[in-house]
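See structure below.
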Amino acid sequence: MEAPLPRPVVGIDVSKDSFAVCYQVGQQFKHLDVPNTQAGFRQLVKQCGAQCLFVLEATGTYYLRLAYYLHEQGGHVAVLNPLVIKRFIQMHLGKGKSDRKDAQWLLRYGQQQAVKVWQPDEPVLVECRQLEQVSEQLLKQQNMVGNALEALEQQPIISAVARKQLQHMLKVLTRQRQAVEAELLALLEQRFAHDMTLLCSIPGIGRKTASMLLLFAGGFTRLQNYRQLIALAGLSPREYTSGTSIRGKTRITKVGGSLIRAKLFMCSFSAKKSNGACRALYDRLVAKGKNGKVALIAVCNKLLKQAFAIVKSGQPYQAEFTSKLVCNP
């Protein structure tokens, strides 16, 4: 049986209002500029065909509608980290920059490198991430108004109207954030009812953290091992040494996952007391002279290992079996 022919590669540099397309006819590169609209999407497919490998950069949210459309049309879509393309261009000593040149580099990358085909998230996960973003924005506004109210109270003369308005704004923002968080939690508990129960069985992890973890990990469906989860959360250690002259401190990468890192760090204070494996790890590291914060970061990693193992095994937390579960890749 003959192997299927490789799909032609199309590079697309996406911006808010338009995108530059580069495709190949024979040995010649062709370029196309189309609007970032449904009409533009149809024009792209009409010109290049649907059965292609479309290589895009993850440019905010501007690429998403196009990626969904191309996926629905039967195309393969690869969404790349912009830093990957930047390094690829530097490696080939690329000079100059324009939308058309970037589209051509994306095409060349898709031709020369193996890429992972992008898959759209479940609609409920997309909705939940939007709710999470709204909740974070409301929290920022709530903190801003709370700080303004506190600063007002420190002044010798206070306007009653100003105080009343700030207090009212604070109440409204608090009520709105609580409503958004309740809706977010309800959607996740409905979609991941069993997994929520499993994660909440881990000492140190509550319902909110469990829901955030499931949302962050996309239900754990696309992760093969706990190391991927730790890397996704930006908690992987990064060594910085070279020869005898450079001896930098080992730090975590902090690449992505800032919200889940902050939540896990808060959970680590409880976990180092109530979670047997976390407590043993924390005590062992502190006894070796490690900084308390370093030990807490290790506890965060331990929680992620436990979460991954428990969701994948389908078994609730059992202290005597945790070490065995965590060791499985």
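By order in the structure tokens, chains are A, B, ...; within a chain, residues start at 1; ligands start at 1, following the order shown.
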
Exercise for the section: From a DSSP pass on the backbone, collect the residues of region 166-239 of chain A flagged as alpha helix (DSSP H) and hand them back as a PyMOL selection string. Expected result: chain A and resi 166-191+193-200+207-216+226-232

Handout entry: region 266-278 of chain A environment, 8 Å, only C-alpha atoms, sequence neighbours closer than 2 positions dropped, as JSON, numbers by chain
Key = {"A": [202, 203, 204, 205, 262, 263, 264, 280, 281, 282, 296, 297, 299, 300, 302, 303, 319, 322, 323]}

Exercise for the section: Pick out the residues sitting within 8 Å of Cys128 (chain A), and hand them over as a list in words; count only C-alpha atoms, and ignore anything fewer than 2 positions along from it in its own chain. Expected result: Val124, Leu125, Val126, Gln130, Leu131, Glu132, Leu184, Leu187, Leu188 and Leu215 of chain A

Take the selection from the previous step and output its residues with C-alpha atoms, as an mmCIF file, in the first residue's frame.
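Wrote it out as selection-v3.cif, contents follow:
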data_model
loop_
_atom_site.group_PDB
_atom_site.id
_atom_site.type_symbol
_atom_site.label_atom_id
_atom_site.label_comp_id
_atom_site.auth_asym_id
_atom_site.auth_seq_id
_atom_site.Cartn_x
_atom_site.Cartn_y
_atom_site.Cartn_z
ATOM 1 C CA VAL A 124 -17.119 24.140 27.330
ATOM 2 C CA LEU A 125 -13.390 24.663 27.902
ATOM 3 C CA VAL A 126 -13.394 27.693 25.614
ATOM 4 C CA GLN A 130 -13.372 33.198 28.863
ATOM 5 C CA LEU A 131 -15.094 33.196 32.249
ATOM 6 C CA GLU A 132 -11.716 32.788 33.949
ATOM 7 C CA LEU A 184 -17.314 28.724 35.978
ATOM 8 C CA LEU A 187 -19.712 24.307 34.213
ATOM 9 C CA LEU A 188 -16.520 22.487 35.185
ATOM 10 C CA LEU A 215 -9.337 23.886 33.058
#

Exercise for the section: Find the residue from A:His31, A:Lys164, A:Arg7, A:Lys312 that sits nearest to His194 (chain A); use only C-alpha atoms when measuring. Expected result: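 So, comparing all the options, the nearest one is A:Lys312.
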
Exercise for the section: Enter the distance from CA of Asp17 (chain A) to CA of Ser98 (chain A), in Å, rounded to one decimal. Expected result: 15.4 Å

Exercise for the section: Output as a PyMOL selection string all residues of region 146-305 of chain A that backbone DSSP marks as strand (DSSP E). Expected result: chain A and resi 237-238+241-242+246-247+251-252

Next, write the just-selected residues to a file, as a compact mmCIF listing (two decimals), in the first residue's frame, keeping all heavy atoms as the atom set.
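Output file result00.txt follows:
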# COMPACT_ATOMS: atom_id res chain seq x y z
N PRO A 237 12.45 22.98 36.78
CA PRO A 237 13.70 23.66 37.15
C PRO A 237 14.52 24.01 35.91
O PRO A 237 14.54 23.26 34.93
CB PRO A 237 14.43 22.63 38.02
CG PRO A 237 13.86 21.32 37.61
CD PRO A 237 12.45 21.56 37.21
N ARG A 238 15.18 25.16 35.95
CA ARG A 238 16.03 25.59 34.84
C ARG A 238 17.42 25.87 35.38
O ARG A 238 17.63 26.80 36.16
CB ARG A 238 15.45 26.85 34.18
CG ARG A 238 16.32 27.37 33.03
CD ARG A 238 15.66 28.55 32.34
NE ARG A 238 15.38 29.64 33.26
CZ ARG A 238 14.68 30.72 32.94
NH1 ARG A 238 14.13 30.81 31.74
NH2 ARG A 238 14.47 31.68 33.82
N THR A 241 24.28 27.10 34.15
CA THR A 241 25.71 26.94 34.41
C THR A 241 26.43 26.72 33.10
O THR A 241 25.86 26.25 32.11
CB THR A 241 25.97 25.72 35.33
OG1 THR A 241 25.52 24.53 34.67
CG2 THR A 241 25.28 25.86 36.66
N SER A 242 27.73 27.08 33.09
CA SER A 242 28.57 26.86 31.92
C SER A 242 30.02 26.89 32.35
O SER A 242 30.49 27.89 32.90
CB SER A 242 28.30 27.92 30.85
OG SER A 242 29.12 27.72 29.72
N ILE A 246 30.38 30.31 35.03
CA ILE A 246 28.97 30.64 35.22
C ILE A 246 28.34 29.61 36.14
O ILE A 246 28.29 28.42 35.81
CB ILE A 246 28.21 30.68 33.88
CG1 ILE A 246 28.80 31.77 32.98
CG2 ILE A 246 26.73 30.93 34.10
CD1 ILE A 246 28.16 31.85 31.61
N ARG A 247 27.89 30.05 37.28
CA ARG A 247 27.24 29.19 38.26
C ARG A 247 25.97 29.87 38.76
O ARG A 247 25.89 30.32 39.90
CB ARG A 247 28.19 28.90 39.44
CG ARG A 247 29.29 27.90 39.11
CD ARG A 247 28.70 26.50 38.93
NE ARG A 247 29.73 25.51 38.65
CZ ARG A 247 30.13 25.17 37.45
NH1 ARG A 247 29.59 25.78 36.40
NH2 ARG A 247 31.05 24.24 37.26
N ARG A 251 16.46 27.86 38.91
CA ARG A 251 15.15 28.47 39.16
C ARG A 251 14.10 27.76 38.31
O ARG A 251 14.42 27.03 37.37
CB ARG A 251 15.18 29.97 38.81
CG ARG A 251 16.25 30.76 39.55
CD ARG A 251 16.25 32.21 39.09
NE ARG A 251 17.32 32.99 39.69
CZ ARG A 251 17.28 33.57 40.87
NH1 ARG A 251 16.17 33.46 41.59
NH2 ARG A 251 18.29 34.25 41.34
N ILE A 252 12.85 28.02 38.63
CA ILE A 252 11.78 27.46 37.80
C ILE A 252 11.64 28.33 36.55
O ILE A 252 11.98 29.51 36.55
CB ILE A 252 10.45 27.38 38.57
CG1 ILE A 252 10.01 28.76 39.08
CG2 ILE A 252 10.54 26.38 39.69
CD1 ILE A 252 8.63 28.77 39.70

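For Lys171 (chain A), the non-local neighbours within 12 Å, defined as residues at least 6 positions apart in the same chain or in other chains and counting only C-alpha atoms, are Leu138, Leu139, Gln141, Gln142, Asn143, Val145, Gly146, Leu149, Lys164, Gln165, Arg177 and Gln178 of chain A.
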
Problem - A:Glu72, A:Asp195, A:Asp33, A:Glu153 ranked by distance to Gln51 (chain A), top pick (using only C-alpha atoms) - result: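 Ranking A:Glu72, A:Asp195, A:Asp33, A:Glu153 by distance to Gln51 (chain A), first place goes to A:Glu72.
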
Handout entry: Neighbour list for Gly11 (chain A) as JSON, numbers by chain, cut-off 7 Å, only C-alpha atoms, skip fewer than 5 positions in-chain
Key = {"A": [21, 22, 23, 54, 55, 56, 103, 104, 106, 107]}

Restricting it to N, CA, C and O atoms, dump the selection as a PDB file, in the first residue's frame.
ATOM      1  N   VAL A  21      -0.490  35.367   3.220  1.00  0.00           N
ATOM      2  CA  VAL A  21      -0.433  33.941   2.915  1.00  0.00           C
ATOM      3  C   VAL A  21       0.717  33.683   1.955  1.00  0.00           C
ATOM      4  O   VAL A  21       0.925  34.455   1.006  1.00  0.00           O
ATOM      5  N   CYS A  22       1.440  32.602   2.190  1.00  0.00           N
ATOM      6  CA  CYS A  22       2.486  32.172   1.262  1.00  0.00           C
ATOM      7  C   CYS A  22       2.261  30.702   0.935  1.00  0.00           C
ATOM      8  O   CYS A  22       2.151  29.875   1.847  1.00  0.00           O
ATOM      9  N   TYR A  23       2.161  30.388  -0.349  1.00  0.00           N
ATOM     10  CA  TYR A  23       2.022  29.006  -0.778  1.00  0.00           C
ATOM     11  C   TYR A  23       2.952  28.780  -1.967  1.00  0.00           C
ATOM     12  O   TYR A  23       3.520  29.732  -2.521  1.00  0.00           O
ATOM     13  N   PHE A  54      -1.706  24.077   7.159  1.00  0.00           N
ATOM     14  CA  PHE A  54      -1.658  25.528   7.363  1.00  0.00           C
ATOM     15  C   PHE A  54      -0.853  25.818   8.630  1.00  0.00           C
ATOM     16  O   PHE A  54      -1.223  25.356   9.713  1.00  0.00           O
ATOM     17  N   VAL A  55       0.232  26.572   8.482  1.00  0.00           N
ATOM     18  CA  VAL A  55       1.126  26.856   9.600  1.00  0.00           C
ATOM     19  C   VAL A  55       0.926  28.303  10.035  1.00  0.00           C
ATOM     20  O   VAL A  55       1.137  29.232   9.247  1.00  0.00           O
ATOM     21  N   LEU A  56       0.512  28.481  11.295  1.00  0.00           N
ATOM     22  CA  LEU A  56       0.232  29.804  11.848  1.00  0.00           C
ATOM     23  C   LEU A  56       1.048  30.026  13.106  1.00  0.00           C
ATOM     24  O   LEU A  56       1.552  29.092  13.720  1.00  0.00           O
ATOM     25  N   ALA A 103       5.309  35.015   6.516  1.00  0.00           N
ATOM     26  CA  ALA A 103       4.481  33.929   5.996  1.00  0.00           C
ATOM     27  C   ALA A 103       5.345  32.906   5.256  1.00  0.00           C
ATOM     28  O   ALA A 103       5.130  31.691   5.369  1.00  0.00           O
ATOM     29  N   GLN A 104       6.355  33.394   4.541  1.00  0.00           N
ATOM     30  CA  GLN A 104       7.241  32.480   3.821  1.00  0.00           C
ATOM     31  C   GLN A 104       8.084  31.649   4.787  1.00  0.00           C
ATOM     32  O   GLN A 104       8.306  30.457   4.568  1.00  0.00           O
ATOM     33  N   LEU A 106       7.147  30.775   7.763  1.00  0.00           N
ATOM     34  CA  LEU A 106       6.223  29.791   8.337  1.00  0.00           C
ATOM     35  C   LEU A 106       6.046  28.606   7.387  1.00  0.00           C
ATOM     36  O   LEU A 106       6.016  27.446   7.820  1.00  0.00           O
ATOM     37  N   LEU A 107       5.943  28.897   6.094  1.00  0.00           N
ATOM     38  CA  LEU A 107       5.838  27.819   5.110  1.00  0.00           C
ATOM     39  C   LEU A 107       7.097  26.951   5.140  1.00  0.00           C
ATOM     40  O   LEU A 107       7.012  25.716   5.144  1.00  0.00           O
TER      41      LEU A 107
END

Exercise for the section: Please identify all polymer residues within 12 Å of Gln43 (chain A), counting only C-alpha atoms, omitting same-chain residues fewer than 2 positions from it, and present them as a ChimeraX atom specification. Expected result: /A:19,21,32-41,45-50,66,70

Practice task
Could you please determine the separation between CA of Leu232 (chain A) and CA of Cys52 (chain A) in Å, to one decimal place?
Solution key: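 We find that CA of Leu232 (chain A) and CA of Cys52 (chain A) lie 28.8 Å from each other.
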
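Coordinates place CA of Tyr109 (chain A) at a distance of 13.3 Å from CA of Gln24 (chain A).
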
Exercise for the section: Within 7 Å of Ala233 (chain A), counting only C-alpha atoms, which residues show up once you throw out same-chain ones fewer than 4 positions away? Write them as a list in words, please. Expected result: Leu229, Gly256, Gly257, Ile260 and Arg261 of chain A

Dump N, CA, C and O atoms for the selected residues as a PDB file, in the first residue's frame?
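Listing of part-v1.pdb after writing:
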ATOM      1  N   LEU A 229       2.841  18.260  32.386  1.00  0.00           N
ATOM      2  CA  LEU A 229       1.987  19.121  33.201  1.00  0.00           C
ATOM      3  C   LEU A 229       2.814  20.122  33.990  1.00  0.00           C
ATOM      4  O   LEU A 229       2.480  21.307  34.060  1.00  0.00           O
ATOM      5  N   GLY A 256       4.420  30.421  31.189  1.00  0.00           N
ATOM      6  CA  GLY A 256       2.998  30.097  31.168  1.00  0.00           C
ATOM      7  C   GLY A 256       2.479  29.694  32.544  1.00  0.00           C
ATOM      8  O   GLY A 256       3.227  29.508  33.499  1.00  0.00           O
ATOM      9  N   GLY A 257       1.167  29.542  32.631  1.00  0.00           N
ATOM     10  CA  GLY A 257       0.541  29.009  33.840  1.00  0.00           C
ATOM     11  C   GLY A 257       0.697  29.831  35.095  1.00  0.00           C
ATOM     12  O   GLY A 257       0.764  29.276  36.193  1.00  0.00           O
ATOM     13  N   ILE A 260      -2.279  29.226  37.707  1.00  0.00           N
ATOM     14  CA  ILE A 260      -2.264  27.942  38.407  1.00  0.00           C
ATOM     15  C   ILE A 260      -1.064  27.849  39.332  1.00  0.00           C
ATOM     16  O   ILE A 260      -1.135  27.231  40.400  1.00  0.00           O
ATOM     17  N   ARG A 261       0.060  28.479  38.976  1.00  0.00           N
ATOM     18  CA  ARG A 261       1.234  28.501  39.878  1.00  0.00           C
ATOM     19  C   ARG A 261       0.899  29.208  41.176  1.00  0.00           C
ATOM     20  O   ARG A 261       1.230  28.726  42.259  1.00  0.00           O
TER      21      ARG A 261
END
